[in-house]
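Q: Provided below: model.pdb, containing PDB, C-alpha atoms.
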```pdb
ATOM      1  CA  MET A   1      11.844 -13.135  -9.722
ATOM      2  CA  GLY A   2      13.475 -16.543  -9.976
ATOM      3  CA  GLY A   3      10.845 -18.965  -8.691
ATOM      4  CA  ILE A   4       8.668 -16.286  -7.068
ATOM      5  CA  ARG A   5       5.949 -14.409  -8.914
ATOM      6  CA  ILE A   6       4.479 -11.061  -7.808
ATOM      7  CA  THR A   7       1.306  -9.805  -9.473
ATOM      8  CA  TYR A   8      -0.368  -6.456  -8.926
ATOM      9  CA  LEU A   9      -4.139  -6.821  -8.460
ATOM     10  CA  PRO A  10      -5.982  -3.608  -9.374
ATOM     11  CA  ASP A  11      -9.121  -2.911  -7.348
ATOM     12  CA  GLY A  12      -9.990   0.656  -8.372
ATOM     13  CA  VAL A  13      -8.900   4.264  -8.452
ATOM     14  CA  ALA A  14      -9.362   7.436  -6.400
ATOM     15  CA  ASN A  15      -8.889  11.054  -7.420
ATOM     16  CA  PHE A  16      -7.855  13.252  -4.494
ATOM     17  CA  SER A  17      -7.597  16.968  -4.020
ATOM     18  CA  TYR A  18      -3.978  18.047  -3.661
ATOM     19  CA  ASP A  19      -4.930  18.956  -0.063
ATOM     20  CA  VAL A  20      -4.351  15.310   0.857
ATOM     21  CA  PHE A  21      -0.681  16.355   0.754
ATOM     22  CA  PRO A  22      -0.856  19.329   3.174
ATOM     23  CA  GLY A  23       0.897  22.443   1.955
ATOM     24  CA  SER A  24       1.662  21.097  -1.509
ATOM     25  CA  SER A  25       1.615  23.726  -4.235
ATOM     26  CA  LEU A  26       0.249  23.886  -7.762
ATOM     27  CA  GLU A  27       3.821  24.456  -8.915
ATOM     28  CA  CYS A  28       4.818  21.173  -7.317
ATOM     29  CA  TRP A  29       2.062  19.263  -9.077
ATOM     30  CA  ALA A  30       2.848  20.945 -12.385
ATOM     31  CA  ARG A  31       6.241  19.226 -12.142
ATOM     32  CA  HIS A  32       4.449  15.882 -11.769
ATOM     33  CA  ALA A  33       1.537  16.298 -14.146
ATOM     34  CA  SER A  34       1.689  12.612 -15.115
ATOM     35  CA  GLN A  35       0.408  11.822 -11.612
ATOM     36  CA  THR A  36      -2.646  14.058 -11.985
ATOM     37  CA  SER A  37      -5.899  14.381 -13.901
ATOM     38  CA  ASP A  38      -8.231  17.400 -13.996
ATOM     39  CA  GLY A  39      -6.445  19.064 -11.117
ATOM     40  CA  ARG A  40      -6.402  16.051  -8.802
ATOM     41  CA  TRP A  41      -3.871  13.449  -7.733
ATOM     42  CA  VAL A  42      -4.660  10.035  -9.262
ATOM     43  CA  CYS A  43      -4.335   7.216  -6.724
ATOM     44  CA  SER A  44      -4.395   3.589  -7.798
ATOM     45  CA  ILE A  45      -5.966   1.125  -5.339
ATOM     46  CA  GLY A  46      -5.100  -2.567  -5.176
ATOM     47  CA  GLY A  47      -3.039  -5.342  -3.632
ATOM     48  CA  PHE A  48      -0.327  -7.821  -4.546
ATOM     49  CA  LEU A  49      -0.361 -11.586  -4.980
ATOM     50  CA  ILE A  50       2.922 -13.320  -4.127
ATOM     51  CA  GLU A  51       3.361 -16.932  -5.197
ATOM     52  CA  SER A  52       6.329 -18.735  -3.649
ATOM     53  CA  GLY A  53       6.457 -22.504  -3.935
ATOM     54  CA  ASP A  54       2.985 -23.744  -3.085
ATOM     55  CA  GLN A  55       2.218 -20.663  -0.965
ATOM     56  CA  LYS A  56      -0.066 -17.847  -2.098
ATOM     57  CA  ILE A  57       0.141 -14.607  -0.134
ATOM     58  CA  LEU A  58      -2.037 -11.520  -0.560
ATOM     59  CA  VAL A  59      -0.545  -8.205   0.482
ATOM     60  CA  ASP A  60      -3.453  -5.798   1.118
ATOM     61  CA  LEU A  61      -7.081  -6.167   0.075
ATOM     62  CA  GLY A  62      -8.055  -2.973  -1.732
ATOM     63  CA  PHE A  63     -11.135  -0.864  -0.984
ATOM     64  CA  GLY A  64     -13.837  -3.449  -1.725
ATOM     65  CA  ASN A  65     -17.050  -2.761  -3.602
ATOM     66  CA  THR A  66     -16.990   0.953  -2.895
ATOM     67  CA  GLU A  67     -18.075   4.219  -4.437
ATOM     68  CA  LEU A  68     -17.019   7.272  -2.443
ATOM     69  CA  GLU A  69     -17.616  10.939  -3.119
ATOM     70  CA  VAL A  70     -16.534  13.678  -0.732
ATOM     71  CA  GLU A  71     -17.212  16.923  -2.547
ATOM     72  CA  GLY A  72     -14.078  18.922  -3.176
ATOM     73  CA  PHE A  73     -11.819  16.242  -1.704
ATOM     74  CA  VAL A  74     -12.053  12.747  -3.228
ATOM     75  CA  SER A  75     -13.999  10.559  -5.604
ATOM     76  CA  ALA A  76     -13.256   6.834  -5.647
ATOM     77  CA  LYS A  77     -14.617   3.677  -7.204
ATOM     78  CA  SER A  78     -13.360   0.139  -6.633
ATOM     79  CA  GLY A  79     -14.458  -3.468  -6.676
ATOM     80  CA  ASN A  80     -12.166  -5.334  -9.072
ATOM     81  CA  LEU A  81      -9.728  -7.131  -6.771
ATOM     82  CA  LEU A  82     -11.388 -10.557  -6.884
ATOM     83  CA  THR A  83     -11.642 -10.321 -10.672
ATOM     84  CA  SER A  84      -7.955  -9.396 -10.786
ATOM     85  CA  LEU A  85      -7.168 -12.340  -8.514
ATOM     86  CA  GLY A  86      -9.007 -14.723 -10.833
ATOM     87  CA  ALA A  87      -7.165 -13.312 -13.842
ATOM     88  CA  ALA A  88      -3.929 -14.199 -12.026
ATOM     89  CA  GLY A  89      -5.108 -17.804 -11.730
ATOM     90  CA  ALA A  90      -5.960 -17.795  -8.017
ATOM     91  CA  THR A  91      -9.116 -18.112  -5.930
ATOM     92  CA  PRO A  92     -10.042 -16.794  -2.472
ATOM     93  CA  ALA A  93     -10.067 -20.343  -1.086
ATOM     94  CA  GLY A  94      -6.512 -20.899  -2.343
ATOM     95  CA  ILE A  95      -4.935 -17.987  -0.437
ATOM     96  CA  ASP A  96      -2.704 -19.119   2.431
ATOM     97  CA  THR A  97      -1.828 -15.772   4.037
ATOM     98  CA  VAL A  98      -3.237 -12.245   4.008
ATOM     99  CA  VAL A  99      -0.805  -9.520   5.067
ATOM    100  CA  TYR A 100      -2.066  -6.025   5.801
ATOM    101  CA  THR A 101       0.628  -3.422   5.321
ATOM    102  CA  HIS A 102      -1.764  -1.462   7.533
ATOM    103  CA  MET A 103      -5.504  -1.300   8.134
ATOM    104  CA  HIS A 104      -6.793   1.815   6.394
ATOM    105  CA  ALA A 105     -10.078   1.053   4.631
ATOM    106  CA  ASP A 106      -8.468   1.124   1.173
ATOM    107  CA  HIS A 107      -6.190  -1.755   2.205
ATOM    108  CA  THR A 108      -8.738  -3.935   4.034
ATOM    109  CA  GLY A 109     -11.826  -3.628   1.831
ATOM    110  CA  TRP A 110     -12.138  -7.279   0.777
ATOM    111  CA  THR A 111     -11.572  -8.704   4.263
ATOM    112  CA  VAL A 112     -15.237  -9.643   4.607
ATOM    113  CA  THR A 113     -17.851 -10.906   2.139
ATOM    114  CA  ASP A 114     -21.386 -11.832   3.234
ATOM    115  CA  ASN A 115     -20.432 -11.498   6.898
ATOM    116  CA  ALA A 116     -17.530 -13.959   6.677
ATOM    117  CA  LEU A 117     -13.834 -13.718   5.911
ATOM    118  CA  THR A 118     -13.424 -13.608   2.121
ATOM    119  CA  PHE A 119     -10.181 -15.582   2.366
ATOM    120  CA  GLY A 120     -11.449 -18.074   4.901
ATOM    121  CA  ASN A 121      -8.512 -20.512   4.713
ATOM    122  CA  ALA A 122      -5.845 -17.832   5.188
ATOM    123  CA  ARG A 123      -3.945 -16.479   8.146
ATOM    124  CA  HIS A 124      -4.571 -12.742   8.487
ATOM    125  CA  LEU A 125      -1.535 -10.796   9.709
ATOM    126  CA  ALA A 126      -1.461  -7.207  10.967
ATOM    127  CA  GLY A 127       1.473  -5.368  12.518
ATOM    128  CA  PRO A 128       1.822  -4.861  16.279
ATOM    129  CA  GLY A 129      -0.549  -2.278  17.666
ATOM    130  CA  GLU A 130      -2.496  -1.945  14.420
ATOM    131  CA  VAL A 131      -5.736  -3.586  15.550
ATOM    132  CA  GLU A 132      -5.631  -1.808  18.901
ATOM    133  CA  HIS A 133      -5.131   1.554  17.204
ATOM    134  CA  TRP A 134      -8.157   1.158  14.947
ATOM    135  CA  LEU A 135     -10.385  -0.216  17.676
ATOM    136  CA  ALA A 136      -9.689   3.058  19.491
ATOM    137  CA  HIS A 137     -10.085   5.226  16.357
ATOM    138  CA  ALA A 138     -12.937   3.535  14.508
ATOM    139  CA  ASP A 139     -14.621   6.868  13.709
ATOM    140  CA  GLU A 140     -11.642   8.380  11.872
ATOM    141  CA  SER A 141     -11.575   8.861   8.114
ATOM    142  CA  PHE A 142     -10.556   5.690   6.252
ATOM    143  CA  ALA A 143     -10.794   3.585   9.425
ATOM    144  CA  PRO A 144     -11.623  -0.079   8.689
ATOM    145  CA  ALA A 145     -14.921   0.080  10.589
ATOM    146  CA  GLN A 146     -16.600  -2.810   8.764
ATOM    147  CA  GLN A 147     -13.618  -5.100   9.322
ATOM    148  CA  LEU A 148     -13.093  -4.438  13.037
ATOM    149  CA  PRO A 149     -15.578  -7.112  14.237
ATOM    150  CA  PHE A 150     -13.367  -9.719  12.542
ATOM    151  CA  THR A 151     -10.024  -8.617  13.949
ATOM    152  CA  SER A 152     -10.218 -11.217  16.723
ATOM    153  CA  GLN A 153      -9.289 -13.659  13.964
ATOM    154  CA  PHE A 154      -6.168 -11.701  12.998
ATOM    155  CA  GLU A 155      -2.655 -12.600  14.122
ATOM    156  CA  VAL A 156       0.115 -10.154  15.026
ATOM    157  CA  SER A 157       3.193 -10.339  12.810
ATOM    158  CA  THR A 158       6.765 -10.278  14.078
ATOM    159  CA  ASP A 159       9.562  -8.229  12.525
ATOM    160  CA  GLY A 160      11.522 -10.436  10.134
ATOM    161  CA  GLU A 161       8.831 -13.124  10.084
ATOM    162  CA  THR A 162       9.123 -15.538   7.141
ATOM    163  CA  LEU A 163       5.833 -16.121   5.345
ATOM    164  CA  ALA A 164       7.110 -18.455   2.623
ATOM    165  CA  PRO A 165      10.513 -19.215   1.082
ATOM    166  CA  GLY A 166      12.018 -15.826   0.182
ATOM    167  CA  VAL A 167       9.145 -13.777   1.648
ATOM    168  CA  GLU A 168       9.400 -11.874   4.928
ATOM    169  CA  ILE A 169       7.855  -8.975   6.821
ATOM    170  CA  ILE A 170       9.669  -5.872   8.036
ATOM    171  CA  HIS A 171       8.020  -3.483  10.450
ATOM    172  CA  ALA A 172       7.924   0.173   9.387
ATOM    173  CA  SER A 173       5.697   2.208  11.703
ATOM    174  CA  GLY A 174       4.901   5.841  10.988
ATOM    175  CA  HIS A 175       2.065   5.902   8.505
ATOM    176  CA  THR A 176       0.189   3.870  11.116
ATOM    177  CA  PRO A 177       1.473   2.269  14.348
ATOM    178  CA  GLY A 178       1.640  -1.223  12.841
ATOM    179  CA  HIS A 179       2.592  -0.350   9.282
ATOM    180  CA  GLN A 180       4.800  -2.984   7.642
ATOM    181  CA  CYS A 181       6.435  -3.850   4.332
ATOM    182  CA  VAL A 182       7.073  -7.168   2.599
ATOM    183  CA  VAL A 183      10.480  -8.161   1.227
ATOM    184  CA  VAL A 184      10.821 -10.816  -1.489
ATOM    185  CA  SER A 185      14.182 -12.389  -2.318
ATOM    186  CA  SER A 186      15.126 -14.979  -4.923
ATOM    187  CA  GLY A 187      18.788 -15.600  -5.666
ATOM    188  CA  THR A 188      20.331 -12.205  -6.342
ATOM    189  CA  GLU A 189      16.966 -10.577  -7.092
ATOM    190  CA  ARG A 190      15.027  -8.591  -4.530
ATOM    191  CA  ALA A 191      11.700  -6.769  -4.330
ATOM    192  CA  VAL A 192      10.045  -4.681  -1.632
ATOM    193  CA  ILE A 193       6.327  -3.994  -1.352
ATOM    194  CA  LEU A 194       6.242  -0.633   0.406
ATOM    195  CA  GLY A 195       2.597  -0.312   1.432
ATOM    196  CA  ASP A 196       1.943   3.336   2.269
ATOM    197  CA  THR A 197       5.570   4.215   2.860
ATOM    198  CA  ILE A 198       5.093   6.283  -0.293
ATOM    199  CA  HIS A 199       1.908   7.313  -2.097
ATOM    200  CA  THR A 200       3.086   8.928  -5.321
ATOM    201  CA  SER A 201       6.292   8.913  -7.322
ATOM    202  CA  ALA A 202       6.329  12.704  -6.840
ATOM    203  CA  GLN A 203       7.513  12.049  -3.278
ATOM    204  CA  LEU A 204      10.813  10.689  -4.575
ATOM    205  CA  GLU A 205      11.719  14.170  -5.792
ATOM    206  CA  GLU A 206       9.666  16.186  -3.299
ATOM    207  CA  PRO A 207      10.584  14.880   0.183
ATOM    208  CA  ASP A 208       8.466  17.544   1.886
ATOM    209  CA  LEU A 209       5.282  15.988   0.487
ATOM    210  CA  THR A 210       3.688  14.377   3.531
ATOM    211  CA  PHE A 211       0.344  12.604   3.568
ATOM    212  CA  MET A 212      -2.721  13.802   5.470
ATOM    213  CA  PHE A 213      -3.463  10.374   6.934
ATOM    214  CA  ASP A 214       0.012   9.656   8.337
ATOM    215  CA  VAL A 215      -0.534   8.972  12.046
ATOM    216  CA  ASP A 216       3.026  10.097  12.783
ATOM    217  CA  PRO A 217       4.176  12.291   9.864
ATOM    218  CA  VAL A 218       7.698  12.754  11.251
ATOM    219  CA  ALA A 219       8.306   9.024  11.657
ATOM    220  CA  ALA A 220       6.671   8.282   8.296
ATOM    221  CA  ARG A 221       8.918  10.762   6.516
ATOM    222  CA  GLN A 222      12.027   9.436   8.241
ATOM    223  CA  TRP A 223      11.231   5.841   7.304
ATOM    224  CA  ARG A 224      10.482   6.879   3.723
ATOM    225  CA  GLU A 225      13.803   8.665   3.405
ATOM    226  CA  ASP A 226      15.709   5.799   5.024
ATOM    227  CA  ILE A 227      14.252   3.075   2.802
ATOM    228  CA  LEU A 228      14.440   5.106  -0.419
ATOM    229  CA  THR A 229      18.110   5.834   0.273
ATOM    230  CA  LYS A 230      18.734   2.112   0.726
ATOM    231  CA  LEU A 231      16.800   1.218  -2.434
ATOM    232  CA  GLN A 232      18.151   3.799  -4.865
ATOM    233  CA  ASP A 233      20.342   2.499  -7.691
ATOM    234  CA  THR A 234      20.310  -1.062  -6.298
ATOM    235  CA  GLY A 235      18.141  -2.681  -8.958
ATOM    236  CA  THR A 236      15.605  -3.717  -6.310
ATOM    237  CA  THR A 237      12.080  -3.907  -7.667
ATOM    238  CA  VAL A 238       9.615  -1.755  -5.729
ATOM    239  CA  GLY A 239       5.891  -2.465  -5.436
ATOM    240  CA  ALA A 240       3.895   0.714  -4.779
ATOM    241  CA  CYS A 241       0.152   0.111  -4.833
ATOM    242  CA  HIS A 242      -0.943   3.750  -5.095
ATOM    243  CA  PHE A 243       1.276   4.794  -8.007
ATOM    244  CA  SER A 244      -0.687   5.649 -11.130
ATOM    245  CA  GLY A 245       0.765   4.314 -14.363
ATOM    246  CA  SER A 246       2.734   1.436 -12.859
ATOM    247  CA  ALA A 247       2.791  -0.379  -9.532
ATOM    248  CA  PHE A 248       6.308  -1.696 -10.223
ATOM    249  CA  GLY A 249       9.510   0.269 -10.669
ATOM    250  CA  ARG A 250      12.932   1.096  -9.317
ATOM    251  CA  VAL A 251      14.309   4.040  -7.373
ATOM    252  CA  MET A 252      17.044   5.688  -9.432
ATOM    253  CA  THR A 253      19.208   8.781  -9.225
ATOM    254  CA  GLY A 254      20.590  11.031 -11.918
ATOM    255  CA  GLN A 255      21.325  14.699 -12.582
ATOM    256  CA  GLY A 256      21.151  15.424  -8.880
ATOM    257  CA  ARG A 257      17.694  14.017  -8.283
ATOM    258  CA  ARG A 258      15.922  10.830  -7.269
ATOM    259  CA  PHE A 259      13.298   9.481  -9.681
ATOM    260  CA  TRP A 260      10.973   6.557 -10.417
ATOM    261  CA  ALA A 261      11.885   4.203 -13.258
ATOM    262  CA  SER A 262       8.667   2.394 -14.165
ATOM    263  CA  LEU A 263       8.776  -1.308 -14.988
ATOM    264  CA  GLY A 264       5.246  -1.329 -16.392
ATOM    265  CA  GLY A 265       2.338  -3.476 -15.205
TER     266      GLY A 265
END
```
Could you write out this structure as structure tokens?
A:
Amino acid sequence: MGGIRITYLPDGVANFSYDVFPGSSLECWARHASQTSDGRWVCSIGGFLIESGDQKILVDLGFGNTELEVEGFVSAKSGNLLTSLGAAGATPAGIDTVVYTHMHADHTGWTVTDNALTFGNARHLAGPGEVEHWLAHADESFAPAQQLPFTSQFEVSTDGETLAPGVEIIHASGHTPGHQCVVVSSGTERAVILGDTIHTSAQLEEPDLTFMFDVDPVAARQWREDILTKLQDTGTTVGACHFSGSAFGRVMTGQGRRFWASLGG
């Protein structure tokens, strides 16, 4: 985008039971078979590298070196984010800012390596109330338990905060109390990294699909509908880290429905 580059950094993949979207039906998933495999929803895991001027910003840190199996619910394997970062021509020491869209374990996994911050030269930014929420809920599923001892080194972001030329944060609570998105602008081009505003492209067409781990499902759904309405048919590039097939696309409408137009990558 003009002088700004955004790269998706794959870390791994998880395969979830459809129960992670409470009340979703087999008929629903049959309409979105491209998002499934062997009767499960396929969830990509990763983060984004934004390079603006001499600034390198990481948005989310994947799940880390992790293998997870919860029988009947999820199987996951990750560990590739640092390799993906190197393939993009960057190193942990060269990262200036780490932004957590939120602090679920699959977004904070590479925070710590060998009992030290992996990105030791970077600011680490979480949304307001995010650290406090997880300190109080450290035993919940997908809580960032291993990262919590290091949160004293995190900073709290402000809504509209500029991270680098053309890169800013917008607060978007609902999925978690401090959930936030990142907006990138260059000339007339614009991109939005949505974090867990949306988990699968099926949610564009199925607005009743809510996610089990939304802290406030009503607020999360309202924010999702608001931002998708603003994005549709605008040409804005969307970064969606959990979408299988492509992390980049656009929100389009046609024939009375909203749909995902993949940009590949």
Q: Which residues match the PyMOL selection byres ((chain A and resi 264) around 10) in the file above, as an NGL selection string?
A: :A and (245-249 or 261-263 or 265)
Q: Nearest to A:Asn80 among A:Ile170, A:Val20, A:Ile45, A:Val183, with distances taken over all atoms listed in the file: which residue is it?
A: A:Ile45
Q: Go through A:Leu194, A:Leu61, A:Val215, A:Leu117 and flag the residue nearest A:Leu231, using only C-alpha atoms for the distances.
A: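 Once distances to A:Leu231 are computed over only C-alpha atoms, the minimum belongs to A:Leu194.
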Q: Figure out the distance between atom CA of A:Leu49 and atom CA of A:Leu9, please, to one decimal in Å.
A: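 One can read the atom CA of A:Leu9 to atom CA of A:Leu49 distance as 7.0 Å.
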Q: Atom CA of A:Arg123 and atom CA of A:Ser244, how far apart in Å?
A: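 Computing it gives 29.5 Å between the two atoms.
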Q: Find the residues around A:Ser44 up to 8 Å (all atoms listed in the file counted), leave out those fewer than 4 positions away in its own chain, and share them as a PyMOL selection string.
A: chain A and resi 10+12-14+241-244
Q: Would you compute the distance between atom CA of A:Gly187 and atom CA of A:Thr97? Give it in Å to one decimal.
A: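 According to the coordinates, atom CA of A:Gly187 and atom CA of A:Thr97 are separated by 22.8 Å.
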Q: Care to translate the PyMOL selection byres ((chain A and resi 184) around 6) into actual residues of this file, as a PyMOL selection string?
A: chain A and resi 166-167+183+185+190-191
Q: The PyMOL selection byres ((chain A and resi 99-108) around 7) on the file shown: which residues, as JSON, numbers by chain?
A: {"A": [45, 58, 59, 60, 61, 62, 63, 97, 98, 109, 110, 111, 124, 125, 126, 130, 142, 143, 144, 176, 178, 179, 180, 181, 195]}
Q: Set the distance at 7 Å and use all atoms listed in the file: which residues neighbour stretch 73-79 of chain A once local chain neighbours fewer than 3 positions away are removed? I'd like the list as a PyMOL selection string.
A: chain A and resi 11-17+63-70
Q: When distances are computed from only C-alpha atoms, which of A:Met212, A:Leu204, A:Ala240, A:Val182 shows the smallest separation from A:Ser141?
A: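 Comparing A:Met212, A:Leu204, A:Ala240, A:Val182 against A:Ser141, the winner is A:Met212.
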Q: Find the axis-aligned box for stretch 192-210 of chain A, covering all its listed atoms and adding 8 Å on each side, and write its centre and edge lengths in Å to one decimal as JSON.
A:
```
{"center_x": 6.8, "center_y": 6.4, "center_z": -1.9, "size_x": 25.8, "size_y": 38.2, "size_z": 26.9}
```
Q: Using only C-alpha atoms, give me every residue within 12 Å of (-9.3, -14.2, 13.9) in file coordinates, as a PyMOL selection string.
A: chain A and resi 98+111-112+116-117+119-126+131+147-156
Q: Using only C-alpha atoms, which protein or nucleic acid residues come within 8 Å of stretch 253-259 of chain A? Drop anything in the same chain fewer than 4 positions from it, and give the result as a ChimeraX atom specification.
A: /A:201,204-205,232-233
Q: Using all atoms listed in the file, can you tell me which of A:Asp226, A:Asp214, A:Asp114, A:Asp38 comes closest to A:Gln146?
A: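 Answer, going by the shortest atom-to-atom distance: A:Asp114.
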Q: Using only C-alpha atoms, find the one residue out of A:Ile198, A:Val238, A:Ala136, A:Leu209 that sits nearest to A:Arg224.
A: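 So, comparing all the options, the nearest one is A:Ile198.
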Q: May I have the residues within 9 Å of A:Ala164 as a PyMOL selection string, using only C-alpha atoms and disregarding those fewer than 2 positions away in the same chain?
A: chain A and resi 51-57+162+166-168
Q: Can you write just those residues out, C-alpha atoms, as a short mmCIF file (atom, residue, chain, number, x, y, z; two decimals), keeping the file's coordinate frame?
A:
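Written output follows (again23.cif):
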```cif
data_model
loop_
_atom_site.label_atom_id
_atom_site.label_comp_id
_atom_site.auth_asym_id
_atom_site.auth_seq_id
_atom_site.Cartn_x
_atom_site.Cartn_y
_atom_site.Cartn_z
CA GLU A 51 3.36 -16.93 -5.20
CA SER A 52 6.33 -18.74 -3.65
CA GLY A 53 6.46 -22.50 -3.94
CA ASP A 54 2.98 -23.74 -3.08
CA GLN A 55 2.22 -20.66 -0.96
CA LYS A 56 -0.07 -17.85 -2.10
CA ILE A 57 0.14 -14.61 -0.13
CA THR A 162 9.12 -15.54 7.14
CA GLY A 166 12.02 -15.83 0.18
CA VAL A 167 9.14 -13.78 1.65
CA GLU A 168 9.40 -11.87 4.93
#
```
Q: Would you mind telling me which residue in A:Ala90, A:Ile95, A:Ala202, A:Ile6 lies nearest to A:Gln35 when using all atoms listed in the file?
A: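 Distance minimum relative to A:Gln35 lands on A:Ala202.
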